[in-house]
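Listing of structure.csv, CSV, C-alpha atoms and all ligand atoms
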```csv
chain,number,residue,atom,x,y,z
O,593,MET,CA,50.5,150.0,-3.4
O,594,LYS,CA,49.2,146.8,-1.8
O,595,LEU,CA,46.7,144.4,-3.3
O,596,GLY,CA,44.7,144.7,-0.1
O,597,ASP,CA,43.9,148.3,-1.1
O,598,PHE,CA,41.8,146.9,-3.9
O,599,VAL,CA,39.9,144.3,-1.9
O,600,GLN,CA,36.4,145.5,-1.1
O,601,SER,CA,34.1,144.4,1.7
O,602,GLY,CA,30.7,145.1,3.2
O,603,ASP,CA,27.5,143.5,4.5
O,604,TRP,CA,26.6,140.6,2.3
O,605,LYS,CA,22.9,141.2,3.1
O,606,GLY,CA,23.2,144.5,1.1
O,607,GLU,CA,26.1,144.0,-1.2
O,608,LYS,CA,25.8,141.1,-3.6
O,609,HIS,CA,29.6,140.6,-4.2
O,610,VAL,CA,30.5,139.9,-0.6
O,611,PRO,CA,31.3,136.2,0.0
O,612,VAL,CA,29.2,134.5,2.7
O,613,ILE,CA,30.8,132.1,5.1
O,614,GLY,CA,28.5,129.6,6.6
O,615,ALA,CA,30.4,127.9,9.5
O,616,PRO,CA,29.8,127.2,13.2
O,617,ASP,CA,30.8,129.8,15.8
O,618,SER,CA,32.6,127.1,17.8
O,619,VAL,CA,34.0,123.6,16.8
O,620,LYS,CA,35.9,120.8,18.6
O,621,ALA,CA,39.6,120.5,18.0
O,622,GLY,CA,40.5,118.1,15.2
O,623,GLU,CA,36.9,117.4,14.4
O,624,ALA,CA,35.9,118.0,10.8
O,625,PHE,CA,33.1,120.6,10.1
O,626,LYS,CA,31.5,122.0,7.0
O,627,VAL,CA,32.1,125.5,5.7
O,628,ASP,CA,29.6,126.7,3.1
O,629,LEU,CA,30.8,129.5,0.7
O,630,CYS,CA,28.7,131.5,-1.7
O,631,VAL,CA,28.3,134.8,-3.3
O,632,GLY,CA,24.7,136.2,-3.7
O,633,LYS,CA,23.0,134.5,-0.8
O,634,GLU,CA,20.7,137.5,-0.2
O,635,ILE,CA,20.9,139.4,-3.5
O,636,ALA,CA,21.8,137.3,-6.5
O,637,HIS,CA,24.9,138.2,-8.4
O,638,PRO,CA,24.6,138.1,-12.2
O,639,ASN,CA,25.8,134.8,-13.7
O,640,THR,CA,26.2,135.4,-17.4
O,641,ALA,CA,29.0,134.9,-20.0
O,642,ALA,CA,29.8,138.6,-19.6
O,643,HIS,CA,29.5,139.0,-15.8
O,644,TYR,CA,30.2,136.3,-13.2
O,645,ILE,CA,32.0,135.2,-10.0
O,646,LYS,CA,35.1,133.4,-11.2
O,647,TRP,CA,36.3,132.0,-7.8
O,648,ILE,CA,36.0,131.9,-4.0
O,649,LYS,CA,38.9,131.1,-1.8
O,650,LEU,CA,38.8,130.2,1.9
O,651,LEU,CA,41.7,131.1,4.1
O,652,PHE,CA,42.4,130.8,7.8
O,653,VAL,CA,44.4,133.0,10.1
O,654,PRO,CA,45.1,131.4,13.5
O,655,ASN,CA,44.8,133.6,16.6
O,656,GLY,CA,48.2,135.3,17.1
O,657,GLY,CA,49.4,133.9,13.8
O,658,LYS,CA,51.5,135.8,11.3
O,659,PHE,CA,50.4,134.1,8.1
O,660,ALA,CA,47.1,133.3,6.3
O,661,ILE,CA,46.7,129.7,5.4
O,662,GLU,CA,44.8,128.8,2.2
O,663,LEU,CA,42.2,126.1,2.9
O,664,ALA,CA,40.3,125.8,-0.3
O,665,ASN,CA,39.9,127.3,-3.8
O,666,LEU,CA,36.5,126.9,-5.5
O,667,SER,CA,36.7,127.7,-9.2
O,668,PHE,CA,33.5,128.3,-11.2
O,669,ASP,CA,34.7,127.8,-14.8
O,670,VAL,CA,31.4,127.4,-16.7
O,671,HIS,CA,29.7,130.7,-17.5
O,672,GLY,CA,27.5,129.8,-20.5
O,673,ASP,CA,30.5,128.5,-22.4
O,674,THR,CA,29.6,127.6,-25.9
O,675,MET,CA,30.8,127.6,-29.5
O,676,ASP,CA,28.2,130.3,-30.2
O,677,ALA,CA,29.1,133.6,-28.4
O,678,GLU,CA,25.8,135.2,-29.4
O,679,HIS,CA,23.8,132.5,-27.6
O,680,PRO,CA,25.7,131.4,-24.5
O,681,GLY,CA,24.8,128.2,-22.7
O,682,PRO,CA,23.6,125.7,-21.9
O,683,ALA,CA,25.6,125.4,-18.6
O,684,PHE,CA,26.4,127.9,-15.8
O,685,ALA,CA,28.3,127.2,-12.6
O,686,ASP,CA,26.7,129.0,-9.6
O,687,PRO,CA,29.2,130.4,-7.1
O,688,PHE,CA,28.3,128.1,-4.3
O,689,GLY,CA,30.3,125.3,-2.6
O,690,SER,CA,31.2,123.5,0.6
O,691,VAL,CA,34.5,122.3,2.1
O,692,ARG,CA,35.3,120.3,5.2
O,693,VAL,CA,37.8,121.7,7.6
O,694,LYS,CA,39.6,120.6,10.7
O,695,LEU,CA,41.2,123.1,13.1
O,696,SER,CA,43.4,122.6,16.2
O,697,ALA,CA,43.3,126.3,17.2
O,698,GLY,CA,40.8,129.2,17.0
O,699,GLY,CA,41.2,132.0,14.6
O,700,THR,CA,39.5,133.7,11.7
O,701,LEU,CA,38.1,132.2,8.5
O,702,VAL,CA,38.5,134.6,5.6
O,703,ALA,CA,36.7,134.2,2.3
O,704,GLN,CA,37.8,136.1,-0.9
O,705,SER,CA,35.9,136.2,-4.1
O,706,TYR,CA,36.5,137.6,-7.6
O,707,CYS,CA,34.0,139.1,-10.0
O,708,ASN,CA,35.3,139.5,-13.5
O,709,ILE,CA,34.0,143.0,-13.6
O,710,HIS,CA,34.0,144.3,-10.0
O,711,GLY,CA,37.2,142.7,-8.7
O,712,LEU,CA,38.1,141.3,-5.3
O,713,TRP,CA,35.9,141.1,-2.3
O,714,GLU,CA,36.3,139.5,1.1
O,715,SER,CA,34.6,138.7,4.4
O,716,SER,CA,35.6,137.0,7.6
O,717,LYS,CA,34.2,135.0,10.5
O,718,THR,CA,35.9,134.3,13.8
O,719,ILE,CA,35.7,130.7,15.0
O,720,THR,CA,36.5,129.3,18.5
O,721,VAL,CA,38.1,125.8,19.0
O,722,ASN,CA,37.3,123.9,22.2
C,801,FE,FE,29.9,141.8,-10.3
```
Could you write out this file's structure as structure tokens?
Amino acid sequence: MKLGDFVQSGDWKGEKHVPVIGAPDSVKAGEAFKVDLCVGKEIAHPNTAAHYIKWIKLLFVPNGGKFAIELANLSFDVHGDTMDAEHPGPAFADPFGSVRVKLSAGGTLVAQSYCNIHGLWESSKTITVN
């Protein structure tokens, strides 16, 4: 058994759990650029005390590389936390965030997300470095 056997994927336009990577197709070596990460861009994922996205990670696999490099870990810890479990609120953290990244070589950005009910999901985007 491998954990990867339990990581699901798909088209984020039709499957609300798939993390969306917003990043340029091409960047300049050593120049910082923004990567937007979210779950539910096209179809909103539930965000309640019972059902929510707990985290999104961003990793990078350089072309020809052997290992994935973790770039960021966005944790969404507030899901209607309250002293009253019958009436959750008043704060919820939406699964959206941005990170700045610098690359010196091209490769593949990989986003993984975790839903507390529906498990692990991932998507990827190749990026060229000039
Ligand atoms: Fe879910």
7 Å shell around ligand FE 801 (chain C) using all atoms listed in the file, listed as a CSV table (one decimal) with C-alpha atoms, in the coordinates of the input:
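Result written to out-v3.csv:
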```
chain,number,residue,atom,x,y,z
O,609,HIS,CA,29.6,140.6,-4.2
O,637,HIS,CA,24.9,138.2,-8.4
O,638,PRO,CA,24.6,138.1,-12.2
O,643,HIS,CA,29.5,139.0,-15.8
O,644,TYR,CA,30.2,136.3,-13.2
O,645,ILE,CA,32.0,135.2,-10.0
O,707,CYS,CA,34.0,139.1,-10.0
O,708,ASN,CA,35.3,139.5,-13.5
O,709,ILE,CA,34.0,143.0,-13.6
O,710,HIS,CA,34.0,144.3,-10.0
```
Distance in Å - atom CA of O:Ile635 versus atom CA of O:Gly606: 7.2 Å
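The interatomic distance for the pair atom CA of O:Ala685 and atom CA of O:Val631 works out to 12.0 Å.
Between O:Gly614 and the residues O:Ala641, O:Val670, O:Leu701, O:Leu651, the shortest atom-to-atom distance, using all atoms listed in the file, involves O:Leu701.
In this comparison, which uses all atoms listed in the file, the residue of O:Lys620, O:Lys608, O:His679, O:Lys594 approaching O:Ile719 most closely is O:Lys620.
If you look at atom CA of O:Ala621 and atom CA of O:Thr718, they are 14.9 Å away from each other.
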Counting all atoms listed in the file, the option among O:Gly689, O:Gly632, O:Gly699, O:Gly622 closest to O:Pro654: O:Gly699
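For O:Pro682, the list of residues within 12 Å, based on all atoms listed in the file and with local chain neighbours fewer than 5 positions off taken out, reads O:Thr640, O:Ala641, O:Val670, O:His671, O:Gly672, O:Asp673, O:Thr674, O:Met675, O:Asp676, O:Ala677.
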Could you give me, as CSV, a per-residue list for stretch 606-690 of chain O showing, wherever an atom lies at most 9 Å from an atom of stretch 712-715 of chain O, the closest pair of atoms and their distance in Å to one decimal, using only C-alpha atoms and sorting by chain then residue number from low to high?
```
residue,atom,partner,partner_atom,distance
O:His609,CA,O:Trp713,CA,6.6
O:Val610,CA,O:Trp713,CA,5.8
O:Pro611,CA,O:Ser715,CA,6.0
O:Val612,CA,O:Ser715,CA,7.0
O:Ile613,CA,O:Ser715,CA,7.6
```
O:Glu623 surroundings by only C-alpha atoms, 10 Å radius, close-in-sequence under 5 positions cut, as JSON, numbers by chain: {"O": [692, 693, 694, 695, 696, 721]}
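Here the question is which of O:Ala636, O:Leu595, O:Ile661, O:Ala615 gets nearest to O:Lys649 using only C-alpha atoms, and that residue is O:Ile661.
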Contact residues around O:Ser716 with all atoms listed in the file at 7 Å, ignoring same-chain residues under 4 positions, as a ChimeraX atom specification: /O:700-703
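Among the candidates O:Asp603, O:Asp669, O:Glu678, O:Asp686, the residue lying nearest to O:Glu634 is O:Asp603 (atoms considered: only C-alpha atoms).
Remark: for O:Val653, the closest of the candidate residues O:Gln704, O:Ser601, O:Gly596, O:Gly698 is O:Gly698 (distances computed over only C-alpha atoms).
At a cut-off of 10 Å from (41.1, 123.2, -4.2), the residue set is Lys649, Leu650, Glu662, Leu663, Ala664, Asn665, Leu666, Ser667 and Val691 of chain O (counting only C-alpha atoms).
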